[in-house]
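Shown next: model_36.cif, containing mmCIF, C-alpha atoms and all ligand atoms.
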data_data
#
loop_
_atom_site.label_atom_id
_atom_site.label_comp_id
_atom_site.auth_asym_id
_atom_site.auth_seq_id
_atom_site.Cartn_x
_atom_site.Cartn_y
_atom_site.Cartn_z
CA MET M 24 -34.85 21.67 -129.44
CA SER M 25 -33.13 24.88 -128.47
CA GLY M 26 -32.59 27.11 -131.46
CA SER M 27 -35.79 25.96 -133.12
CA ASN M 28 -38.60 28.48 -132.97
CA ARG M 29 -41.17 25.97 -131.76
CA VAL M 30 -42.39 26.74 -128.29
CA THR M 31 -40.95 24.20 -125.90
CA ARG M 32 -43.12 22.53 -123.33
CA ARG M 33 -41.02 24.14 -120.60
CA ASP M 34 -41.45 27.65 -122.03
CA PHE M 35 -45.15 27.08 -122.55
CA ILE M 36 -45.55 26.11 -118.89
CA LYS M 37 -43.50 29.11 -117.80
CA VAL M 38 -45.57 31.56 -119.84
CA THR M 39 -48.94 30.12 -118.85
CA THR M 40 -47.96 29.97 -115.18
CA GLY M 41 -46.87 33.60 -115.38
CA ALA M 42 -50.03 34.66 -117.19
CA VAL M 43 -52.40 32.78 -114.90
CA GLY M 44 -50.48 34.03 -111.86
CA GLY M 45 -50.69 37.61 -113.14
CA LEU M 46 -54.41 37.26 -113.78
CA ILE M 47 -55.05 35.85 -110.30
CA THR M 48 -53.01 38.67 -108.75
CA LEU M 49 -55.11 41.21 -110.61
CA VAL M 50 -58.45 39.53 -109.92
CA MET M 51 -57.63 39.25 -106.20
CA GLY M 52 -55.63 42.46 -105.95
CA ILE M 53 -58.40 44.83 -106.98
CA PRO M 54 -60.98 43.48 -104.50
CA ALA M 55 -58.31 43.41 -101.79
CA LEU M 56 -57.46 47.05 -102.35
CA GLY M 57 -61.13 48.06 -102.59
CA TYR M 58 -61.83 46.26 -99.32
CA LEU M 59 -59.06 48.13 -97.49
CA ILE M 60 -59.79 51.64 -98.76
CA ASP M 61 -63.59 51.28 -98.64
CA PRO M 62 -64.11 53.61 -95.64
CA ALA M 63 -62.20 56.39 -97.39
CA LEU M 64 -64.49 56.20 -100.42
CA ARG M 65 -67.72 56.70 -98.50
CA GLU M 66 -69.80 59.81 -99.03
CA ASN M 67 -69.50 62.26 -96.15
CA LYS M 68 -73.02 63.10 -94.98
CA ALA M 69 -72.02 65.90 -92.58
CA GLY M 70 -73.36 69.30 -93.53
CA LYS M 71 -76.43 68.14 -95.47
CA PRO M 72 -79.22 70.79 -95.22
CA VAL M 73 -81.92 70.24 -92.57
CA MET M 74 -85.48 71.63 -92.61
CA VAL M 75 -86.18 73.48 -89.36
CA GLY M 76 -89.46 75.34 -89.84
CA ASN M 77 -91.68 77.49 -92.00
CA LEU M 78 -91.92 81.29 -92.00
CA ALA M 79 -95.71 81.05 -91.72
CA ASP M 80 -95.44 79.47 -88.25
CA ILE M 81 -92.88 81.85 -86.83
CA PRO M 82 -93.95 85.01 -84.97
CA VAL M 83 -92.02 88.21 -85.55
CA GLY M 84 -89.86 89.37 -82.64
CA THR M 85 -89.87 86.25 -80.48
CA PRO M 86 -87.20 83.54 -80.89
CA TYR M 87 -88.75 80.34 -82.23
CA HIS M 88 -87.25 77.11 -80.94
CA PHE M 89 -86.44 74.17 -83.23
CA SER M 90 -84.47 70.99 -82.84
CA PHE M 91 -83.18 68.31 -85.15
CA THR M 92 -81.41 65.00 -84.86
CA LEU M 93 -78.35 63.99 -86.82
CA THR M 94 -77.25 60.38 -87.05
CA LYS M 95 -73.57 59.65 -87.47
CA VAL M 96 -72.81 56.29 -89.01
CA ASN M 97 -69.40 54.82 -88.30
CA GLY M 98 -69.18 51.30 -89.63
CA TRP M 99 -72.03 49.38 -87.97
CA GLU M 100 -72.45 51.96 -85.20
CA ARG M 101 -75.02 54.74 -85.40
CA THR M 102 -74.92 57.63 -82.97
CA ALA M 103 -77.89 59.96 -82.95
CA SER M 104 -77.42 63.39 -81.39
CA THR M 105 -79.99 66.12 -80.99
CA PHE M 106 -79.16 69.73 -81.72
CA GLY M 107 -81.31 72.81 -81.30
CA GLY M 108 -81.54 76.47 -82.10
CA PHE M 109 -83.73 79.53 -82.41
CA ILE M 110 -85.07 81.40 -85.40
CA LEU M 111 -85.51 85.12 -84.78
CA ARG M 112 -87.58 87.07 -87.28
CA LYS M 113 -86.54 90.65 -86.64
CA THR M 114 -89.17 92.12 -89.04
CA GLU M 115 -91.87 90.95 -91.44
CA ASP M 116 -89.20 90.88 -94.16
CA PRO M 117 -88.61 87.17 -94.89
CA LYS M 118 -84.91 87.92 -95.37
CA ASP M 119 -84.47 89.66 -92.03
CA ILE M 120 -83.87 86.65 -89.84
CA ILE M 121 -81.13 85.25 -87.63
CA ILE M 122 -80.73 81.60 -86.79
CA LEU M 123 -78.83 80.84 -83.59
CA SER M 124 -77.56 77.58 -82.19
CA SER M 125 -78.83 76.92 -78.65
CA ARG M 126 -75.46 75.50 -77.59
CA CYS M 127 -73.93 77.78 -74.97
CA THR M 128 -70.48 78.97 -75.97
CA HIS M 129 -69.26 78.44 -72.41
CA LEU M 130 -69.53 74.67 -71.81
CA SER M 131 -72.18 73.59 -74.30
CA CYS M 132 -75.33 73.52 -72.15
CA ARG M 133 -78.58 74.32 -73.95
CA VAL M 134 -79.79 77.89 -73.51
CA ASN M 135 -83.56 78.63 -73.19
CA TRP M 136 -85.52 81.68 -74.24
CA ASN M 137 -86.91 83.49 -71.22
CA GLU M 138 -89.79 85.80 -72.10
CA ASP M 139 -89.65 87.79 -68.83
CA ALA M 140 -85.94 88.45 -69.06
CA GLY M 141 -86.19 89.02 -72.80
CA ALA M 142 -82.98 87.03 -73.10
CA PHE M 143 -81.56 83.53 -73.53
CA LEU M 144 -80.60 82.06 -70.15
CA CYS M 145 -78.16 79.24 -69.66
CA PRO M 146 -79.14 76.86 -66.85
CA CYS M 147 -75.57 75.83 -66.12
CA HIS M 148 -73.70 78.97 -65.06
CA ASP M 149 -76.33 81.68 -65.38
CA ALA M 150 -75.18 83.14 -68.66
CA LYS M 151 -77.45 85.61 -70.37
CA PHE M 152 -77.54 86.26 -74.13
CA SER M 153 -79.44 88.91 -76.06
CA PRO M 154 -82.12 87.84 -78.61
CA GLU M 155 -79.44 88.21 -81.27
CA GLY M 156 -77.00 86.07 -79.29
CA GLN M 157 -74.68 88.68 -77.76
CA VAL M 158 -73.30 87.92 -74.30
CA LEU M 159 -75.03 90.09 -71.71
CA ASP M 160 -73.78 88.40 -68.57
CA GLY M 161 -71.93 85.34 -67.31
CA PRO M 162 -68.86 83.36 -68.29
CA PRO M 163 -69.35 82.64 -72.04
CA PRO M 164 -66.43 83.99 -74.08
CA GLU M 165 -68.35 84.46 -77.32
CA PRO M 166 -71.80 85.18 -78.72
CA LEU M 167 -74.06 82.24 -79.63
CA ARG M 168 -73.10 80.51 -82.88
CA ARG M 169 -75.22 80.83 -86.02
CA PHE M 170 -76.44 78.59 -88.79
CA ALA M 171 -76.36 79.49 -92.47
CA TYR M 172 -79.89 79.18 -93.87
CA GLU M 173 -82.03 79.40 -96.93
CA VAL M 174 -85.69 80.38 -97.23
CA GLY M 175 -87.61 78.60 -99.97
CA ALA M 176 -90.38 80.15 -102.07
CA ASP M 177 -92.96 78.37 -99.88
CA GLY M 178 -91.41 79.83 -96.71
CA ALA M 179 -89.61 76.63 -95.72
CA ILE M 180 -86.40 77.33 -93.83
CA THR M 181 -83.45 75.00 -94.23
CA ILE M 182 -80.17 75.33 -92.41
CA THR M 183 -76.71 73.92 -92.95
CA PRO M 184 -76.13 72.12 -89.62
CA VAL M 185 -72.66 73.48 -89.04
CA GLU M 186 -72.21 76.13 -86.34
CA LEU M 187 -70.67 79.36 -87.59
CA LYS M 188 -69.13 82.24 -85.68
CA GLU M 189 -71.16 85.39 -85.87
CA GLY M 190 -70.84 87.32 -89.09
CA MET V 4 -28.32 44.36 -116.37
CA TRP V 5 -30.81 42.04 -114.71
CA ASN V 6 -28.41 39.15 -115.17
CA THR V 7 -25.62 41.01 -113.42
CA LEU V 8 -27.95 41.91 -110.56
CA TYR V 9 -29.29 38.37 -110.37
CA ASN V 10 -25.78 36.89 -110.37
CA TRP V 11 -24.70 39.30 -107.66
CA LEU V 12 -27.64 38.23 -105.48
CA ASP V 13 -27.24 34.55 -106.35
CA GLU V 14 -23.58 34.56 -105.27
CA ARG V 15 -24.59 35.85 -101.85
CA LEU V 16 -27.97 34.20 -101.34
CA GLY V 17 -27.50 30.95 -103.24
CA LEU V 18 -30.76 31.43 -105.17
CA ASN V 19 -29.92 28.74 -107.73
CA ASP V 20 -29.15 26.23 -104.99
CA LEU V 21 -32.42 27.05 -103.29
CA TYR V 22 -34.24 26.57 -106.56
CA THR V 23 -32.71 23.18 -107.36
CA ASN V 24 -33.08 21.88 -103.83
CA LEU V 25 -36.56 23.16 -103.06
CA LEU V 26 -38.37 23.23 -106.37
CA ASP V 27 -36.39 21.20 -108.90
CA ARG V 28 -36.32 18.02 -106.82
CA PRO V 29 -36.50 14.64 -108.51
CA GLU V 30 -40.05 13.29 -108.22
CA PRO V 31 -41.22 9.72 -108.56
CA LEU V 32 -43.86 9.11 -111.19
CA GLY V 33 -47.01 10.31 -109.51
CA ASN V 34 -50.49 11.49 -110.30
CA TRP V 35 -52.95 14.14 -109.19
CA TRP V 36 -53.29 12.61 -105.74
CA ASN V 37 -49.70 13.75 -105.09
CA THR V 38 -50.75 17.40 -105.45
CA LEU V 39 -53.06 17.40 -102.45
CA GLY V 40 -50.35 18.35 -99.95
CA SER V 41 -49.48 21.38 -102.08
CA ALA V 42 -53.19 22.11 -102.38
CA SER V 43 -53.45 22.03 -98.57
CA LEU V 44 -50.52 24.44 -98.36
CA PHE V 45 -52.13 26.76 -100.89
CA LEU V 46 -55.42 26.70 -98.98
CA PHE V 47 -53.58 27.45 -95.74
CA LEU V 48 -51.96 30.51 -97.33
CA LEU V 49 -55.30 31.59 -98.81
CA GLN V 50 -57.00 31.25 -95.42
CA GLY V 51 -54.15 33.25 -93.90
CA ALA V 52 -54.47 36.07 -96.42
CA THR V 53 -58.27 36.32 -96.32
CA GLY V 54 -58.21 35.92 -92.53
CA ILE V 55 -55.85 38.86 -92.12
CA PHE V 56 -58.18 40.93 -94.27
CA LEU V 57 -61.20 39.93 -92.18
CA THR V 58 -59.53 41.19 -89.01
CA VAL V 59 -59.47 44.67 -90.55
CA TYR V 60 -63.22 44.95 -89.79
CA TYR V 61 -64.12 42.00 -87.57
CA THR V 62 -64.40 42.87 -83.87
CA PRO V 63 -64.19 39.99 -81.36
CA SER V 64 -66.61 41.21 -78.74
CA PRO V 65 -70.15 40.01 -78.00
CA ASP V 66 -71.39 43.56 -78.62
CA HIS V 67 -69.84 43.91 -82.04
CA ALA V 68 -68.92 40.52 -83.53
CA TYR V 69 -72.26 39.86 -85.23
CA ASP V 70 -72.73 43.42 -86.46
CA SER V 71 -69.18 43.69 -87.71
CA ILE V 72 -69.68 40.58 -89.84
CA GLN V 73 -72.99 41.88 -91.18
CA TYR V 74 -71.11 45.04 -92.06
CA ILE V 75 -68.41 43.08 -93.90
CA MET V 76 -71.06 41.13 -95.84
CA ASN V 77 -73.36 44.03 -96.76
CA ASP V 78 -71.39 47.25 -96.71
CA VAL V 79 -67.66 46.82 -97.25
CA ALA V 80 -66.56 46.65 -100.88
CA PHE V 81 -65.83 42.99 -101.76
CA GLY V 82 -66.38 42.02 -98.10
CA TRP V 83 -68.73 39.23 -99.24
CA LEU V 84 -65.94 37.91 -101.46
CA ILE V 85 -63.22 37.94 -98.79
CA ARG V 86 -65.50 36.34 -96.20
CA GLY V 87 -66.92 33.91 -98.74
CA ILE V 88 -63.46 32.65 -99.65
CA HIS V 89 -62.50 32.30 -95.99
CA HIS V 90 -65.78 30.59 -95.12
CA TRP V 91 -65.80 28.01 -97.93
CA GLY V 92 -62.01 27.70 -97.92
CA ALA V 93 -62.19 26.51 -94.32
CA SER V 94 -64.39 23.54 -95.19
CA LEU V 95 -62.42 22.86 -98.35
CA MET V 96 -59.15 22.84 -96.43
CA VAL V 97 -60.39 20.25 -93.93
CA LEU V 98 -61.58 18.14 -96.85
CA VAL V 99 -58.35 18.45 -98.85
CA VAL V 100 -56.11 17.79 -95.83
CA PHE V 101 -58.17 14.73 -95.02
CA ILE V 102 -58.01 13.32 -98.56
CA HIS V 103 -54.26 14.05 -98.59
CA MET V 104 -53.99 11.92 -95.47
CA LEU V 105 -56.04 9.15 -97.08
CA ARG V 106 -53.76 9.14 -100.13
CA VAL V 107 -50.67 8.89 -97.88
CA PHE V 108 -52.36 5.99 -96.11
CA VAL V 109 -53.44 4.20 -99.27
CA THR V 110 -50.01 4.47 -100.89
CA ALA V 111 -48.43 3.39 -97.56
CA SER V 112 -46.18 6.47 -97.67
CA TYR V 113 -46.12 6.73 -93.89
CA LYS V 114 -43.60 3.88 -93.60
CA TYR V 115 -39.86 4.12 -92.90
CA PRO V 116 -38.29 6.68 -93.17
CA ARG V 117 -41.45 8.87 -93.24
CA GLU V 118 -43.01 8.01 -89.87
CA LEU V 119 -42.26 11.48 -88.54
CA THR V 120 -43.78 13.11 -91.60
CA TRP V 121 -46.96 11.19 -90.76
CA LEU V 122 -46.83 12.14 -87.07
CA VAL V 123 -46.35 15.80 -87.91
CA GLY V 124 -49.21 15.33 -90.35
CA ILE V 125 -51.48 14.19 -87.52
CA GLY V 126 -50.59 17.40 -85.73
CA LEU V 127 -51.49 19.32 -88.90
CA LEU V 128 -54.86 17.59 -89.15
CA LEU V 129 -55.66 18.36 -85.50
CA MET V 130 -54.60 22.00 -85.85
CA THR V 131 -56.68 22.32 -89.04
CA LEU V 132 -59.73 20.94 -87.23
CA GLY V 133 -58.94 23.30 -84.33
CA MET V 134 -58.99 26.21 -86.75
CA GLY V 135 -62.42 25.13 -87.91
CA PHE V 136 -63.72 24.77 -84.35
CA THR V 137 -62.41 28.13 -83.11
CA GLY V 138 -63.35 29.98 -86.30
CA TYR V 139 -66.92 28.72 -86.16
CA LEU V 140 -67.68 30.67 -82.97
CA LEU V 141 -66.44 34.02 -84.26
CA PRO V 142 -69.62 35.17 -86.10
CA TRP V 143 -71.37 34.94 -82.70
CA HIS V 144 -74.74 34.05 -84.17
CA GLN V 145 -77.12 31.45 -82.69
CA MET V 146 -75.61 28.55 -84.62
CA ALA V 147 -72.08 29.48 -83.59
CA TYR V 148 -73.06 30.03 -79.97
CA TRP V 149 -74.84 26.71 -79.56
CA ALA V 150 -72.32 24.73 -81.60
CA THR V 151 -69.61 25.94 -79.25
CA THR V 152 -71.78 25.33 -76.20
CA VAL V 153 -72.22 21.72 -77.28
CA GLY V 154 -68.64 21.32 -78.53
CA THR V 155 -67.12 22.51 -75.27
CA GLN V 156 -69.61 20.38 -73.34
CA ILE V 157 -68.40 17.31 -75.22
CA ALA V 158 -64.81 18.17 -74.29
CA GLY V 159 -66.09 18.67 -70.75
CA SER V 160 -67.41 15.12 -70.56
CA LEU V 161 -63.83 13.84 -70.34
CA PRO V 162 -63.44 11.73 -67.18
CA PHE V 163 -61.71 13.49 -64.24
CA LEU V 164 -60.29 16.40 -66.29
CA GLY V 165 -63.62 17.35 -67.90
CA ASP V 166 -64.47 20.31 -65.73
CA PHE V 167 -60.96 21.71 -66.03
CA VAL V 168 -60.94 21.34 -69.83
CA LEU V 169 -64.36 22.93 -70.17
CA LYS V 170 -63.37 25.94 -68.09
CA THR V 171 -60.09 26.29 -69.94
CA LEU V 172 -61.84 26.25 -73.30
CA ARG V 173 -64.59 28.64 -72.23
CA GLY V 174 -62.48 30.85 -70.01
CA GLY V 175 -64.90 30.08 -67.18
CA PRO V 176 -67.96 27.91 -66.57
CA ASP V 177 -70.12 29.72 -69.16
CA LEU V 178 -69.82 30.86 -72.75
CA SER V 179 -68.99 34.54 -72.48
CA ALA V 180 -66.92 37.39 -73.85
CA LEU V 181 -63.92 35.52 -72.51
CA THR V 182 -64.77 32.51 -74.67
CA LEU V 183 -65.05 34.64 -77.80
CA GLN V 184 -61.79 36.41 -77.05
CA ARG V 185 -59.78 33.27 -76.41
CA PHE V 186 -61.22 31.48 -79.42
CA PHE V 187 -60.20 34.52 -81.45
CA ALA V 188 -56.68 34.44 -80.01
CA ALA V 189 -56.42 30.73 -80.75
CA HIS V 190 -57.82 31.21 -84.24
CA ILE V 191 -55.57 34.04 -85.38
CA TRP V 192 -52.39 33.59 -83.29
CA ILE V 193 -51.89 30.33 -81.50
CA LEU V 194 -53.12 27.74 -84.01
CA PRO V 195 -51.71 29.49 -87.11
CA ALA V 196 -48.31 29.80 -85.39
CA ALA V 197 -48.43 26.09 -84.55
CA LEU V 198 -49.50 25.32 -88.13
CA VAL V 199 -46.65 27.34 -89.62
CA ALA V 200 -44.14 25.52 -87.41
CA LEU V 201 -45.58 22.09 -88.23
CA ILE V 202 -45.83 22.84 -91.94
CA GLY V 203 -42.17 23.87 -91.87
CA ALA V 204 -41.21 20.55 -90.24
CA HIS V 205 -43.49 18.64 -92.67
CA LEU V 206 -41.94 20.26 -95.73
CA TYR V 207 -38.41 19.85 -94.40
CA LEU V 208 -39.01 16.12 -93.97
CA ILE V 209 -40.55 15.81 -97.43
CA ILE V 210 -37.55 17.52 -99.03
CA LYS V 211 -35.12 15.54 -96.90
CA HIS V 212 -36.57 12.15 -97.81
CA GLY V 213 -37.90 12.91 -101.25
CA GLU V 214 -41.35 11.68 -102.12
CA SER V 215 -42.20 8.03 -101.93
CA HIS V 216 -42.91 6.13 -105.12
CA PHE V 217 -46.14 4.22 -105.42
CA PRO V 218 -45.86 0.70 -104.11
CA ASP V 219 -45.72 -1.97 -106.81
CA PRO V 220 -46.28 -5.74 -106.49
CA GLU V 221 -42.61 -6.14 -105.46
CA ASP V 222 -43.08 -4.04 -102.33
C1 LIG T 1 -52.12 21.60 -93.20
C2 LIG T 1 -52.09 20.35 -93.59
C3 LIG T 1 -51.03 19.70 -94.49
C4 LIG T 1 -50.16 20.26 -95.41
C5 LIG T 1 -50.05 21.78 -95.78
C6 LIG T 1 -49.37 19.19 -95.99
C7 LIG T 1 -48.44 19.35 -97.00
C8 LIG T 1 -47.79 18.31 -97.65
C9 LIG T 1 -47.06 18.38 -98.89
C10 LIG T 1 -46.87 19.68 -99.73
C11 LIG T 1 -46.60 17.14 -99.19
C12 LIG T 1 -45.84 16.73 -100.47
C13 LIG T 1 -46.49 15.52 -101.17
C14 LIG T 1 -47.95 15.63 -101.51
O1 LIG T 1 -48.40 16.73 -101.74
O2 LIG T 1 -48.63 14.59 -101.49
C15 LIG T 1 -46.97 16.26 -98.10
C16 LIG T 1 -46.62 14.91 -97.98
C17 LIG T 1 -46.92 14.09 -96.88
N1 LIG T 1 -47.88 14.35 -95.91
FE1 LIG T 1 -48.78 16.14 -95.67
N2 LIG T 1 -49.73 18.00 -95.39
C18 LIG T 1 -50.72 18.26 -94.48
C19 LIG T 1 -51.38 17.32 -93.68
C20 LIG T 1 -50.97 15.97 -93.53
C21 LIG T 1 -51.66 15.00 -92.72
C22 LIG T 1 -52.97 15.25 -91.94
C23 LIG T 1 -50.93 13.83 -92.80
C24 LIG T 1 -51.18 12.49 -92.13
C25 LIG T 1 -51.52 12.34 -90.86
C26 LIG T 1 -49.80 14.08 -93.67
C27 LIG T 1 -48.80 13.16 -93.97
C28 LIG T 1 -47.91 13.31 -95.03
C29 LIG T 1 -46.90 12.31 -95.40
C30 LIG T 1 -46.55 10.97 -94.66
C31 LIG T 1 -46.28 12.81 -96.58
C32 LIG T 1 -45.15 12.16 -97.40
C33 LIG T 1 -45.82 11.48 -98.57
C34 LIG T 1 -44.81 10.94 -99.59
O3 LIG T 1 -43.60 11.12 -99.39
O4 LIG T 1 -45.30 10.36 -100.56
N3 LIG T 1 -49.87 15.38 -94.10
N4 LIG T 1 -47.72 16.99 -97.15
S1 LIG T 2 -72.45 76.32 -70.04
FE1 LIG T 2 -73.67 78.03 -70.33
S2 LIG T 2 -72.94 79.31 -68.80
FE2 LIG T 2 -71.63 77.60 -68.53
#

Please rewrite the model in this file as structure tokens.
Amino acid sequence: MSGSNRVTRRDFIKVTTGAVGGLITLVMGIPALGYLIDPALRENKAGKPVMVGNLADIPVGTPYHFSFTLTKVNGWERTASTFGGFILRKTEDPKDIIILSSRCTHLSCRVNWNEDAGAFLCPCHDAKFSPEGQVLDGPPPEPLRRFAYEVGADGAITITPVELKEG
Amino acid sequence: MWNTLYNWLDERLGLNDLYTNLLDRPEPLGNWWNTLGSASLFLFLLQGATGIFLTVYYTPSPDHAYDSIQYIMNDVAFGWLIRGIHHWGASLMVLVVFIHMLRVFVTASYKYPRELTWLVGIGLLLMTLGMGFTGYLLPWHQMAYWATTVGTQIAGSLPFLGDFVLKTLRGGPDLSALTLQRFFAAHIWILPAALVALIGAHLYLIIKHGESHFPDPED
């Protein structure tokens, strides 16, 4: 048979085995790869804007407290954490606002606005911050962190929930 | 180029000899029933491959086992496929191994000189069933939990040794995290290692003796 150009039974088996094997490798290989790299292909939800209040509800001159909860999803585990901050309208001008995180820059306790002191006080080690977040007293090394924000046409305030250094 | 490379390797590794001795063996006239051993081997390899993939996400702890499997089924890309193959492949493997054994019995292939092949085969059947038993608990859902409760209780009804066997299987008197962990260890390390060793012995014996021909009226 060799030398004739008819396909031999042996060659036919070889070629079909190779082709079927290749097809199976491909059909199984793609799902296998997808399965392994799946976590890397997931959308990262960190940094999605969060609504924290409306200009209409916020007095001028006094820090306005807000809080929000972010849920981290890792596989089948969900961890919800609560974060908070203050919106300070310095003037009637809707653009003239500062949004501070309430997380103390010392060891991450939550600071509270104290009307009598006219300052943010930290319950943990007696730190004192000005309404704009500057350190007035105590151990914190830096001013309170800020959030980037946007004010909608209807007065709705949204922040990007990532703490920024002042400025 | 490839030929030179192949010849170089062949001279040192004996690839051609391996091929003729392992794959190009003389075979008696057979039929599809003779393929069931190879089918069992293929299913074992398939279970091994999909099983390894499952361990990438599966977590053998009472807190996480169920959720991790839900995650594989609903969230991981192709997780349903990998688990589906492993799940149905498990039942199929028991079935195929069992029919393979029936064919060896019916064709009387267990006789001299293949008695050891048969004995090793019994070990293979038991290990395969053991894989099914230990794997069944891993999803840690109600069915798994109670099936294992009952299954270990049955083993525990053994006279004299019952209590000892039950505690050994469960890792204590009750079904607990210890049970799940040791079933997992058995399922992914101990039984597969035993299976690999037994399959090696099985295949060695088959190659050594060649396959039996079907009995005819003379036999
Ligand atoms: C994981 C399970 C098993 C695997 C992977 C396996 C694999 C194989 C393979 C590849 C063959 C070659 C011939 C054929 O395919 O029919 C074979 C033959 C044989 N098997 Fe199995 N086997 C398994 C379980 C068993 C069981 C449960 C028994 C019986 C208790 C058994 C007894 C035998 C015997 C006696 C032969 C020789 C048959 C002959 O020479 O015609 N095997 N096995
Ligand atoms: S944590 Fe705020 S002062 Fe120490």

Throw together the list of residues within 8 Å of ligand LIG 1 (chain T), counting all atoms listed in the file, and drop it here as a VMD selection string.
-> chain V and resid 36 to 47 96 100 to 101 103 to 108 110 112 to 114 117 to 131 198 202 205 to 206 209 212 to 217

Check which residues of chain M sit at most 12 Å from chain V using only C-alpha atoms, and return one row each with the closest pair of atoms and their distance in Å to one decimal, ordered by chain and rising number, as JSON lines.
{"residue": "M:Val50", "atom": "CA", "partner": "V:Leu84", "partner_atom": "CA", "distance": 11.4}
{"residue": "M:Met51", "atom": "CA", "partner": "V:Ile85", "partner_atom": "CA", "distance": 9.4}
{"residue": "M:Gly52", "atom": "CA", "partner": "V:Phe81", "partner_atom": "CA", "distance": 11.0}
{"residue": "M:Ile53", "atom": "CA", "partner": "V:Phe81", "partner_atom": "CA", "distance": 9.3}
{"residue": "M:Pro54", "atom": "CA", "partner": "V:Phe81", "partner_atom": "CA", "distance": 5.6}
{"residue": "M:Ala55", "atom": "CA", "partner": "V:Phe81", "partner_atom": "CA", "distance": 7.5}
{"residue": "M:Leu56", "atom": "CA", "partner": "V:Ala80", "partner_atom": "CA", "distance": 9.2}
{"residue": "M:Gly57", "atom": "CA", "partner": "V:Ala80", "partner_atom": "CA", "distance": 5.9}
{"residue": "M:Tyr58", "atom": "CA", "partner": "V:Ala80", "partner_atom": "CA", "distance": 5.0}
{"residue": "M:Leu59", "atom": "CA", "partner": "V:Val59", "partner_atom": "CA", "distance": 7.8}
{"residue": "M:Ile60", "atom": "CA", "partner": "V:Ala80", "partner_atom": "CA", "distance": 8.7}
{"residue": "M:Asp61", "atom": "CA", "partner": "V:Ala80", "partner_atom": "CA", "distance": 5.9}
{"residue": "M:Pro62", "atom": "CA", "partner": "V:Val79", "partner_atom": "CA", "distance": 7.8}
{"residue": "M:Ala63", "atom": "CA", "partner": "V:Val79", "partner_atom": "CA", "distance": 11.0}
{"residue": "M:Leu64", "atom": "CA", "partner": "V:Ala80", "partner_atom": "CA", "distance": 9.8}
{"residue": "M:Arg65", "atom": "CA", "partner": "V:Val79", "partner_atom": "CA", "distance": 10.0}
{"residue": "M:Val96", "atom": "CA", "partner": "V:Tyr74", "partner_atom": "CA", "distance": 11.8}
{"residue": "M:Asn97", "atom": "CA", "partner": "V:Tyr74", "partner_atom": "CA", "distance": 10.6}
{"residue": "M:Gly98", "atom": "CA", "partner": "V:Tyr74", "partner_atom": "CA", "distance": 7.0}
{"residue": "M:Trp99", "atom": "CA", "partner": "V:Tyr74", "partner_atom": "CA", "distance": 6.0}
{"residue": "M:Glu100", "atom": "CA", "partner": "V:Asp70", "partner_atom": "CA", "distance": 8.6}
{"residue": "M:Arg101", "atom": "CA", "partner": "V:Asp70", "partner_atom": "CA", "distance": 11.6}

Quick one: residues within 9 Å of Pro65 (chain V), all atoms listed in the file counted, chain neighbours fewer than 3 positions away excluded, as a list in words?
->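 Skipping anything fewer than 3 positions along the chain leaves Thr62, Ala68, Tyr69, Trp143, Ser179, Ala180 and Leu183 of chain V.
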
Which distance in Å separates CA of Trp91 (chain V) and CA of Val109 (chain V), to one decimal?
-> 26.9 Å

Would you list the contacts of Gly92 (chain V) as a compact mmCIF listing (two decimals) with C-alpha atoms, in the frame of the given file, taking every protein, DNA or RNA residue within 8 Å and counting all atoms listed in the file, but skipping same-chain residues closer than 5 positions in sequence?
# COMPACT_ATOMS: atom_id res chain seq x y z
CA LEU V 46 -55.42 26.70 -98.98
CA LEU V 49 -55.30 31.59 -98.81
CA GLN V 50 -57.00 31.25 -95.42
CA GLY V 87 -66.92 33.91 -98.74

Kindly provide, as a PyMOL selection string, all nucleotide and amino acid residues lying within 10 Å of ligand LIG 2 (chain T), counting only C-alpha atoms and all ligand atoms.
-> chain M and resi 125-134+144-152+160-164

Any idea what the distance is between CA of Asn19 (chain V) and CA of Leu208 (chain V)?
->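 Between CA of Asn19 (chain V) and CA of Leu208 (chain V) the gap works out to 20.8 Å.
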
Tell me which of V:Arg185, V:Lys170, V:His144, V:Arg28 sits closest to Ile210 (chain V), counting all atoms listed in the file.
->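 Distance minimum relative to Ile210 (chain V) lands on V:Arg28.
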
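Atom pair CA of Tyr61 (chain V) / CA of Lys95 (chain M) has a distance of 20.0 Å (rounded to one decimal).
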
Compare M:Pro117, M:Pro184, M:Gly178, M:Gly84 by their minimum atom-to-atom distance to Glu155 (chain M), counting only C-alpha atoms, and give me the closest one.
->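 Comparing M:Pro117, M:Pro184, M:Gly178, M:Gly84 against Glu155 (chain M), the winner is M:Gly84.
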
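The residue set within 12 Å of Ala176 (chain M), counting all atoms listed in the file and dropping same-chain residues fewer than 6 places from it, reads Asn77, Leu78, Ala79, Pro117 and Lys118 of chain M.
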
With C-alpha atoms retained, could you export that selection as a PDB file, keeping the file's coordinate frame?
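Once written, again_5.pdb looks like this:
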ATOM      1  CA  ASN M  77     -91.680  77.490 -92.000  1.00  0.00           C
ATOM      2  CA  LEU M  78     -91.920  81.290 -92.000  1.00  0.00           C
ATOM      3  CA  ALA M  79     -95.710  81.050 -91.720  1.00  0.00           C
ATOM      4  CA  PRO M 117     -88.610  87.170 -94.890  1.00  0.00           C
ATOM      5  CA  LYS M 118     -84.910  87.920 -95.370  1.00  0.00           C
TER       6      LYS M 118
END

In terms of the shortest atom-to-atom distance over all atoms listed in the file, which of V:Gly203, V:Pro29, V:Gly138, V:Pro195 is closest to Ala93 (chain V)?
-> V:Gly138
